[in-house]
file work.cif (mmCIF, C-alpha atoms)
data_structure
#
loop_
_atom_site.group_PDB
_atom_site.id
_atom_site.type_symbol
_atom_site.label_atom_id
_atom_site.label_comp_id
_atom_site.auth_asym_id
_atom_site.auth_seq_id
_atom_site.Cartn_x
_atom_site.Cartn_y
_atom_site.Cartn_z
ATOM 1 C CA MET Z 1 -16.450 13.233 -2.994
ATOM 2 C CA LYS Z 2 -18.443 16.468 -3.133
ATOM 3 C CA ILE Z 3 -16.632 19.760 -3.823
ATOM 4 C CA SER Z 4 -18.124 21.203 -0.626
ATOM 5 C CA HIS Z 5 -16.440 18.447 1.378
ATOM 6 C CA LYS Z 6 -13.080 19.158 -0.244
ATOM 7 C CA LEU Z 7 -13.346 22.880 0.499
ATOM 8 C CA LEU Z 8 -14.346 22.152 4.087
ATOM 9 C CA HIS Z 9 -11.390 19.796 4.522
ATOM 10 C CA LEU Z 10 -8.994 22.356 3.030
ATOM 11 C CA THR Z 11 -10.355 25.093 5.294
ATOM 12 C CA LYS Z 12 -9.949 22.913 8.385
ATOM 13 C CA ALA Z 13 -6.424 21.931 7.308
ATOM 14 C CA LEU Z 14 -5.452 25.587 6.845
ATOM 15 C CA THR Z 15 -6.943 26.599 10.193
ATOM 16 C CA TYR Z 16 -5.318 23.822 12.223
ATOM 17 C CA SER Z 17 -1.951 24.152 10.449
ATOM 18 C CA ILE Z 18 -1.735 27.922 10.879
ATOM 19 C CA THR Z 19 -2.772 27.653 14.529
ATOM 20 C CA PHE Z 20 -0.182 24.954 15.271
ATOM 21 C CA THR Z 21 2.596 26.848 13.473
ATOM 22 C CA PHE Z 22 1.682 30.043 15.344
ATOM 23 C CA VAL Z 23 1.921 28.202 18.674
ATOM 24 C CA MET Z 24 5.319 26.814 17.658
ATOM 25 C CA ALA Z 25 6.507 30.311 16.672
ATOM 26 C CA VAL Z 26 5.367 31.819 19.983
ATOM 27 C CA GLY Z 27 7.069 29.030 21.912
ATOM 28 C CA HIS Z 28 10.258 29.511 19.908
ATOM 29 C CA HIS Z 29 10.448 33.185 20.774
ATOM 30 C CA LEU Z 30 9.475 32.840 24.429
ATOM 31 C CA THR Z 31 11.699 29.964 25.545
ATOM 32 C CA ASP Z 32 15.420 30.108 26.211
ATOM 33 C CA ALA Z 33 15.985 26.407 26.923
ATOM 34 C CA LYS Z 34 18.058 25.033 24.045
ATOM 35 C CA ILE Z 35 16.429 21.607 23.802
ATOM 36 C CA ILE Z 36 12.870 22.955 23.928
ATOM 37 C CA LYS Z 37 13.766 25.771 21.534
ATOM 38 C CA ARG Z 38 15.215 23.163 19.150
ATOM 39 C CA LEU Z 39 11.941 21.231 19.228
ATOM 40 C CA PHE Z 40 9.970 24.367 18.423
ATOM 41 C CA VAL Z 41 12.280 24.995 15.452
ATOM 42 C CA LEU Z 42 11.892 21.374 14.323
ATOM 43 C CA PHE Z 43 8.121 21.784 14.117
ATOM 44 C CA GLY Z 44 8.241 25.107 12.258
ATOM 45 C CA GLY Z 45 8.638 27.658 15.019
ATOM 46 C CA ASP Z 46 11.294 29.636 13.139
ATOM 47 C CA PHE Z 47 8.800 30.597 10.451
ATOM 48 C CA PHE Z 48 10.838 32.951 8.247
ATOM 49 C CA ASN Z 49 13.933 30.721 8.325
ATOM 50 C CA GLY Z 50 12.225 27.603 7.043
ATOM 51 C CA GLY Z 51 9.161 27.151 9.258
ATOM 52 C CA TYR Z 52 6.893 28.060 6.350
ATOM 53 C CA ILE Z 53 7.929 24.746 4.743
ATOM 54 C CA GLN Z 54 6.594 22.827 7.727
ATOM 55 C CA LEU Z 55 3.379 24.861 7.496
ATOM 56 C CA LEU Z 56 2.852 23.744 3.900
ATOM 57 C CA THR Z 57 3.590 20.161 4.947
ATOM 58 C CA TYR Z 58 1.005 20.322 7.739
ATOM 59 C CA ILE Z 59 -1.624 21.659 5.338
ATOM 60 C CA ALA Z 60 -1.069 18.807 2.869
ATOM 61 C CA PHE Z 61 -0.945 16.250 5.685
ATOM 62 C CA LEU Z 62 -4.171 17.338 7.380
ATOM 63 C CA TRP Z 63 -6.015 17.863 4.112
ATOM 64 C CA SER Z 64 -5.232 14.322 3.001
ATOM 65 C CA LEU Z 65 -6.169 12.899 6.422
ATOM 66 C CA PHE Z 66 -9.527 14.672 6.471
ATOM 67 C CA GLU Z 67 -10.345 13.329 2.998
ATOM 68 C CA ILE Z 68 -9.287 9.798 3.952
ATOM 69 C CA PHE Z 69 -11.441 9.900 7.093
ATOM 70 C CA GLN Z 70 -14.396 11.161 5.047
ATOM 71 C CA MET Z 71 -14.066 8.291 2.575
ATOM 72 C CA LEU Z 72 -13.736 5.752 5.398
ATOM 73 C CA LYS Z 73 -16.907 7.230 6.881
ATOM 74 C CA ASP Z 74 -18.660 6.853 3.511
ATOM 75 C CA ILE Z 75 -17.564 3.210 3.282
ATOM 76 C CA LYS Z 76 -18.935 2.569 6.769
ATOM 77 C CA LEU Z 77 -22.259 4.020 5.607
ATOM 78 C CA GLU Z 78 -22.213 1.793 2.515
ATOM 79 C CA ASN Z 79 -21.704 -1.273 4.701
ATOM 80 C CA LYS Z 80 -24.827 -0.418 6.693
ATOM 81 C CA ALA Z 81 -26.887 -1.200 3.595
ATOM 82 C CA PHE Z 82 -26.240 -4.910 4.114
ATOM 83 C CA LYS Z 83 -28.159 -4.735 7.407
ATOM 84 C CA LYS Z 84 -31.358 -3.917 5.504
ATOM 85 C CA LYS Z 85 -31.465 -7.580 4.405
ATOM 86 C CA LEU Z 86 -32.955 -6.830 1.010
ATOM 87 C CA LEU Z 87 -31.869 -10.261 -0.187
ATOM 88 C CA PRO Z 88 -32.465 -13.633 1.485
ATOM 89 C CA THR Z 89 -29.420 -15.131 3.169
ATOM 90 C CA GLU Z 90 -30.948 -18.339 4.551
ATOM 91 C CA GLU Z 91 -29.777 -21.599 3.032
ATOM 92 C CA ARG Z 92 -32.019 -23.172 0.362
ATOM 93 C CA HIS Z 93 -34.099 -20.018 0.064
ATOM 94 C CA LEU Z 94 -34.954 -19.797 -3.640
ATOM 95 C CA LEU Z 95 -36.377 -16.827 -5.505
ATOM 96 C CA LEU Z 96 -39.066 -17.082 -8.138
ATOM 97 C CA PRO Z 97 -38.825 -14.746 -11.134
ATOM 98 C CA SER Z 98 -42.026 -13.071 -9.943
ATOM 99 C CA GLN Z 99 -40.283 -12.056 -6.696
ATOM 100 C CA ILE Z 100 -37.530 -10.121 -8.485
ATOM 101 C CA ASN Z 101 -39.862 -7.182 -9.047
ATOM 102 C CA ASP Z 102 -40.628 -7.022 -5.312
ATOM 103 C CA ILE Z 103 -36.909 -6.866 -4.553
ATOM 104 C CA TYR Z 104 -36.501 -4.101 -7.130
ATOM 105 C CA LEU Z 105 -39.306 -2.069 -5.546
ATOM 106 C CA LYS Z 106 -37.794 -2.468 -2.079
ATOM 107 C CA ALA Z 107 -34.362 -1.375 -3.293
ATOM 108 C CA SER Z 108 -35.927 1.625 -5.062
ATOM 109 C CA GLU Z 109 -37.722 2.610 -1.867
ATOM 110 C CA TYR Z 110 -34.512 2.504 0.174
ATOM 111 C CA SER Z 111 -32.538 4.389 -2.469
ATOM 112 C CA LYS Z 112 -34.916 7.357 -2.219
ATOM 113 C CA ASP Z 113 -33.331 8.227 1.122
ATOM 114 C CA LYS Z 114 -29.729 7.261 0.360
ATOM 115 C CA LYS Z 115 -28.290 6.216 -2.987
ATOM 116 C CA LEU Z 116 -26.007 3.514 -1.684
ATOM 117 C CA LEU Z 117 -24.049 1.220 -3.984
ATOM 118 C CA LEU Z 118 -25.801 -1.958 -2.846
ATOM 119 C CA PHE Z 119 -29.256 -0.603 -3.603
ATOM 120 C CA GLU Z 120 -28.173 0.600 -7.047
ATOM 121 C CA MET Z 121 -26.514 -2.718 -7.911
ATOM 122 C CA ILE Z 122 -29.591 -4.701 -6.875
ATOM 123 C CA LYS Z 123 -31.833 -2.408 -8.921
ATOM 124 C CA LYS Z 124 -29.675 -2.772 -12.037
ATOM 125 C CA SER Z 125 -29.536 -6.558 -11.613
ATOM 126 C CA CYS Z 126 -33.309 -6.828 -11.243
ATOM 127 C CA LEU Z 127 -33.918 -4.614 -14.258
ATOM 128 C CA LYS Z 128 -31.560 -6.698 -16.360
ATOM 129 C CA PHE Z 129 -33.343 -9.906 -15.322
ATOM 130 C CA ARG Z 130 -36.773 -8.454 -16.049
ATOM 131 C CA ALA Z 131 -35.602 -7.435 -19.511
ATOM 132 C CA THR Z 132 -33.671 -10.559 -20.513
ATOM 133 C CA LYS Z 133 -34.521 -13.389 -18.053
ATOM 134 C CA SER Z 134 -30.830 -14.265 -18.444
ATOM 135 C CA ILE Z 135 -28.619 -15.194 -15.477
ATOM 136 C CA PRO Z 136 -25.333 -14.756 -17.429
ATOM 137 C CA GLU Z 137 -26.363 -11.229 -18.417
ATOM 138 C CA MET Z 138 -27.135 -10.430 -14.778
ATOM 139 C CA ILE Z 139 -23.643 -11.566 -13.794
ATOM 140 C CA GLU Z 140 -22.204 -9.474 -16.604
ATOM 141 C CA ILE Z 141 -24.029 -6.318 -15.518
ATOM 142 C CA ILE Z 142 -22.857 -6.833 -11.923
ATOM 143 C CA SER Z 143 -19.245 -7.247 -13.074
ATOM 144 C CA ILE Z 144 -19.479 -4.139 -15.245
ATOM 145 C CA GLN Z 145 -21.068 -2.106 -12.454
ATOM 146 C CA THR Z 146 -18.388 -3.255 -9.999
ATOM 147 C CA GLU Z 147 -15.651 -2.053 -12.354
ATOM 148 C CA ILE Z 148 -17.439 1.282 -12.784
ATOM 149 C CA ASN Z 149 -17.719 1.688 -9.012
ATOM 150 C CA LYS Z 150 -14.005 0.944 -8.629
ATOM 151 C CA GLU Z 151 -13.089 3.532 -11.266
ATOM 152 C CA ILE Z 152 -15.253 6.137 -9.538
ATOM 153 C CA SER Z 153 -13.569 5.344 -6.213
ATOM 154 C CA GLU Z 154 -10.111 5.707 -7.774
ATOM 155 C CA SER Z 155 -11.149 9.030 -9.281
ATOM 156 C CA GLU Z 156 -12.381 10.286 -5.907
ATOM 157 C CA GLN Z 157 -9.036 9.315 -4.369
ATOM 158 C CA SER Z 158 -6.981 11.270 -6.919
ATOM 159 C CA ASN Z 159 -6.564 14.277 -4.626
ATOM 160 C CA ILE Z 160 -5.409 12.022 -1.783
ATOM 161 C CA LYS Z 161 -2.854 10.349 -4.074
ATOM 162 C CA TYR Z 162 -1.507 13.749 -5.078
ATOM 163 C CA LEU Z 163 -1.272 14.971 -1.469
ATOM 164 C CA THR Z 164 0.551 11.822 -0.306
ATOM 165 C CA TRP Z 165 3.139 12.557 -3.011
ATOM 166 C CA VAL Z 166 3.278 16.272 -2.147
ATOM 167 C CA ILE Z 167 4.047 15.767 1.569
ATOM 168 C CA PRO Z 168 7.588 14.303 1.197
ATOM 169 C CA SER Z 169 8.219 16.476 -1.876
ATOM 170 C CA ILE Z 170 7.685 19.657 0.159
ATOM 171 C CA GLY Z 171 10.223 18.383 2.691
ATOM 172 C CA PHE Z 172 12.814 17.763 -0.017
ATOM 173 C CA VAL Z 173 12.206 21.238 -1.444
ATOM 174 C CA GLY Z 174 12.847 22.666 2.018
ATOM 175 C CA THR Z 175 16.097 20.719 2.248
ATOM 176 C CA VAL Z 176 17.274 21.969 -1.138
ATOM 177 C CA LEU Z 177 16.456 25.564 -0.205
ATOM 178 C CA GLY Z 178 18.235 25.195 3.148
ATOM 179 C CA ILE Z 179 21.375 23.734 1.578
ATOM 180 C CA SER Z 180 21.379 26.507 -1.031
ATOM 181 C CA GLN Z 181 21.203 29.137 1.701
ATOM 182 C CA ALA Z 182 23.999 27.409 3.619
ATOM 183 C CA LEU Z 183 26.220 27.460 0.524
ATOM 184 C CA MET Z 184 25.473 31.138 -0.035
ATOM 185 C CA ILE Z 185 26.700 32.054 3.440
ATOM 186 C CA ALA Z 186 29.588 29.578 3.472
ATOM 187 C CA ASN Z 187 32.103 32.296 2.589
ATOM 188 C CA SER Z 188 31.210 34.214 5.745
ATOM 189 C CA GLY Z 189 32.829 31.509 7.868
ATOM 190 C CA ASP Z 190 30.061 31.764 10.467
ATOM 191 C CA MET Z 191 29.796 28.078 11.355
ATOM 192 C CA ASN Z 192 26.962 28.628 13.836
ATOM 193 C CA LEU Z 193 24.801 30.241 11.152
ATOM 194 C CA ILE Z 194 25.699 27.573 8.598
ATOM 195 C CA THR Z 195 24.922 24.789 11.047
ATOM 196 C CA ALA Z 196 21.600 26.385 12.001
ATOM 197 C CA THR Z 197 20.648 26.770 8.339
ATOM 198 C CA LEU Z 198 21.478 23.143 7.569
ATOM 199 C CA GLY Z 199 19.577 22.050 10.681
ATOM 200 C CA VAL Z 200 16.422 23.792 9.456
ATOM 201 C CA ALA Z 201 16.957 22.271 6.008
ATOM 202 C CA PHE Z 202 16.995 18.717 7.292
ATOM 203 C CA ASP Z 203 14.174 19.404 9.767
ATOM 204 C CA THR Z 204 11.776 19.913 6.867
ATOM 205 C CA THR Z 205 12.592 16.490 5.412
ATOM 206 C CA LEU Z 206 12.387 14.770 8.801
ATOM 207 C CA VAL Z 207 8.945 16.218 9.573
ATOM 208 C CA SER Z 208 7.613 15.492 6.083
ATOM 209 C CA LEU Z 209 8.804 11.887 6.138
ATOM 210 C CA ILE Z 210 7.241 11.240 9.558
ATOM 211 C CA LEU Z 211 3.934 12.728 8.419
ATOM 212 C CA SER Z 212 4.151 10.791 5.167
ATOM 213 C CA ILE Z 213 4.503 7.503 7.073
ATOM 214 C CA ILE Z 214 1.386 8.316 9.104
ATOM 215 C CA VAL Z 215 -0.784 9.352 6.164
ATOM 216 C CA MET Z 216 0.301 6.387 4.034
ATOM 217 C CA TRP Z 217 -0.814 3.986 6.762
ATOM 218 C CA TYR Z 218 -4.310 5.475 6.699
ATOM 219 C CA TYR Z 219 -4.312 5.619 2.906
ATOM 220 C CA HIS Z 220 -3.516 1.922 2.605
ATOM 221 C CA LYS Z 221 -6.276 1.219 5.120
ATOM 222 C CA LEU Z 222 -8.629 3.169 2.848
ATOM 223 C CA LEU Z 223 -7.537 1.141 -0.189
ATOM 224 C CA GLN Z 224 -8.086 -2.084 1.733
ATOM 225 C CA GLU Z 225 -11.558 -1.042 2.881
ATOM 226 C CA THR Z 226 -12.477 0.112 -0.636
ATOM 227 C CA ASP Z 227 -11.415 -3.155 -2.274
ATOM 228 C CA TYR Z 228 -13.245 -5.175 0.364
ATOM 229 C CA LEU Z 229 -16.439 -3.146 -0.113
ATOM 230 C CA HIS Z 230 -16.565 -3.718 -3.878
ATOM 231 C CA ALA Z 231 -15.726 -7.412 -3.527
ATOM 232 C CA HIS Z 232 -18.367 -7.795 -0.818
ATOM 233 C CA LEU Z 233 -21.001 -6.030 -2.929
ATOM 234 C CA LYS Z 234 -20.371 -8.245 -5.921
ATOM 235 C CA GLY Z 235 -20.236 -11.470 -3.914
ATOM 236 C CA TYR Z 236 -23.325 -10.593 -1.872
ATOM 237 C CA VAL Z 237 -25.513 -9.923 -4.926
ATOM 238 C CA ILE Z 238 -24.288 -12.978 -6.827
ATOM 239 C CA GLU Z 239 -24.687 -15.322 -3.867
ATOM 240 C CA ASN Z 240 -27.982 -14.041 -2.498
ATOM 241 C CA LEU Z 241 -29.768 -12.908 -5.653
ATOM 242 C CA ILE Z 242 -28.457 -14.515 -8.811
ATOM 243 C CA ASN Z 243 -27.660 -17.949 -7.359
ATOM 244 C CA ARG Z 244 -31.101 -18.160 -5.749
ATOM 245 C CA ILE Z 245 -33.251 -17.470 -8.825
ATOM 246 C CA GLU Z 246 -35.221 -20.513 -9.852
ATOM 247 C CA ILE Z 247 -35.946 -20.402 -13.544
ATOM 248 C CA GLU Z 248 -39.469 -21.633 -14.245
#
call {"tool": "encode", "arguments": {"input": "work.cif", "output": "structure tokens"}}
result
Amino acid sequence: MKISHKLLHLTKALTYSITFTFVMAVGHHLTDAKIIKRLFVLFGGDFFNGGYIQLLTYIAFLWSLFEIFQMLKDIKLENKAFKKKLLPTEERHLLLPSQINDIYLKASEYSKDKKLLLFEMIKKSCLKFRATKSIPEMIEIISIQTEINKEISESEQSNIKYLTWVIPSIGFVGTVLGISQALMIANSGDMNLITATLGVAFDTTLVSLILSIIVMWYYHKLLQETDYLHAHLKGYVIENLINRIEIE
């Protein structure tokens, strides 16, 4: 994923998180209804008494979501390459070695506009066949390229993996800080203050765990779509290119 995309996602996450926390803080100070006020506190309305923890959680949550949605969008774009029908899919359609160069030229033409994985894999396969006239070596280059593509995908997802770990961790940090503050004021005997402090402490964990459940659902969807894309690419090229070459 491009650095510009990451910065844009971070900026959007900061903007939305700060705006939401500000709204919660305003609501917390304007309302007198206990239940509604408690909800505002839960979502970070009491900023200086623990709400800043929820703010950090929102930033990590939204940042990870924006990156996941971007990668899902990229995968959808990659899948559009199959609609170009660069390779024959009809039954019993065989390819002569002389036709491989035509397929290579078509793939090269398409890749000038967008360097999609399918176009690049077809180009590498055709080049390997032109150089070696060997089917096993074509299969080998496709397998190697598939593994490379998977490693690149995993590398691009490293920030998402980190953020999905950070979200619940921030909540636990908030809980530890809240419990520490409650212990510090325990000698005062002010049970209302102690209870309020503990309530804020556990609010941070509750919010972070809920957000973690949401983001992990989307992250696993991303992993599923990524694995399917690479498997589909490999199977498509093997079935519709390699298996159709008729050696003269």
call {"tool": "closest_atom_pairs", "arguments": {"input": "work.cif", "of": "range 110-204 of chain Z", "to": "range 208-217 of chain Z", "cutoff": "12 Å", "atoms": "only C-alpha atoms", "output": "Markdown table"}}
result
| residue | atom | partner | partner_atom | distance |
| --- | --- | --- | --- | --- |
| Z:Ile160 | CA | Z:Val215 | CA | 9.6 |
| Z:Lys161 | CA | Z:Met216 | CA | 9.6 |
| Z:Tyr162 | CA | Z:Met216 | CA | 11.9 |
| Z:Leu163 | CA | Z:Val215 | CA | 9.5 |
| Z:Thr164 | CA | Z:Ser212 | CA | 6.6 |
| Z:Trp165 | CA | Z:Ser212 | CA | 8.4 |
| Z:Val166 | CA | Z:Ser212 | CA | 9.2 |
| Z:Ile167 | CA | Z:Ser208 | CA | 5.8 |
| Z:Pro168 | CA | Z:Ser208 | CA | 5.0 |
| Z:Ser169 | CA | Z:Ser208 | CA | 8.0 |
| Z:Ile170 | CA | Z:Ser208 | CA | 7.2 |
| Z:Gly171 | CA | Z:Ser208 | CA | 5.2 |
| Z:Phe172 | CA | Z:Ser208 | CA | 8.3 |
| Z:Val173 | CA | Z:Ser208 | CA | 10.5 |
| Z:Gly174 | CA | Z:Ser208 | CA | 9.8 |
| Z:Thr175 | CA | Z:Ser208 | CA | 10.7 |
| Z:Ala201 | CA | Z:Ser208 | CA | 11.5 |
| Z:Phe202 | CA | Z:Ser208 | CA | 10.0 |
| Z:Asp203 | CA | Z:Ser208 | CA | 8.5 |
| Z:Thr204 | CA | Z:Ser208 | CA | 6.1 |
call {"tool": "resolve_selection", "arguments": {"input": "work.cif", "expression": "the PyMOL selection byres ((chain Z and resi 71) around 9)", "output": "list of chain:residue names"}}
result
Z:Met1, Z:Phe66, Z:Glu67, Z:Ile68, Z:Phe69, Z:Gln70, Z:Leu72, Z:Lys73, Z:Asp74, Z:Ile75, Z:Lys76, Z:Glu156, Z:Gln157, Z:Leu222, Z:Thr226
call {"tool": "residues_around", "arguments": {"input": "work.cif", "residues": "Ile59 in chain Z", "least_positions_apart": "2", "cutoff": "12 Å", "atoms": "only C-alpha atoms", "output": "PyMOL selection string"}}
result
chain Z and resi 9-21+52-57+61-66+163-164+166-167+170+208+211
call {"tool": "resolve_selection", "arguments": {"input": "work.cif", "expression": "the PyMOL selection byres ((chain Z and resi 125) around 9)", "output": "VMD selection string"}}
result
chain Z and resid 104 120 to 124 126 to 130 137 to 139 141 to 142 237 241 to 242
call {"tool": "resolve_selection", "arguments": {"input": "work.cif", "expression": "the PyMOL selection byres ((chain Z and resi 79-87) around 7)", "output": "VMD selection string"}}
result
chain Z and resid 75 to 78 88 to 89 103 118 240 to 241
call {"tool": "atom_distance", "arguments": {"input": "work.cif", "atom1": "CA of Gly44 in chain Z", "atom2": "CA of Ala25 in chain Z"}}
result
7.0 Å
call {"tool": "closest_residue", "arguments": {"input": "work.cif", "among": "Z:Phe22, Z:His230, Z:Val41, Z:Lys34", "to": "Glu151 in chain Z", "atoms": "all atoms listed in the file"}}
result
Z:His230
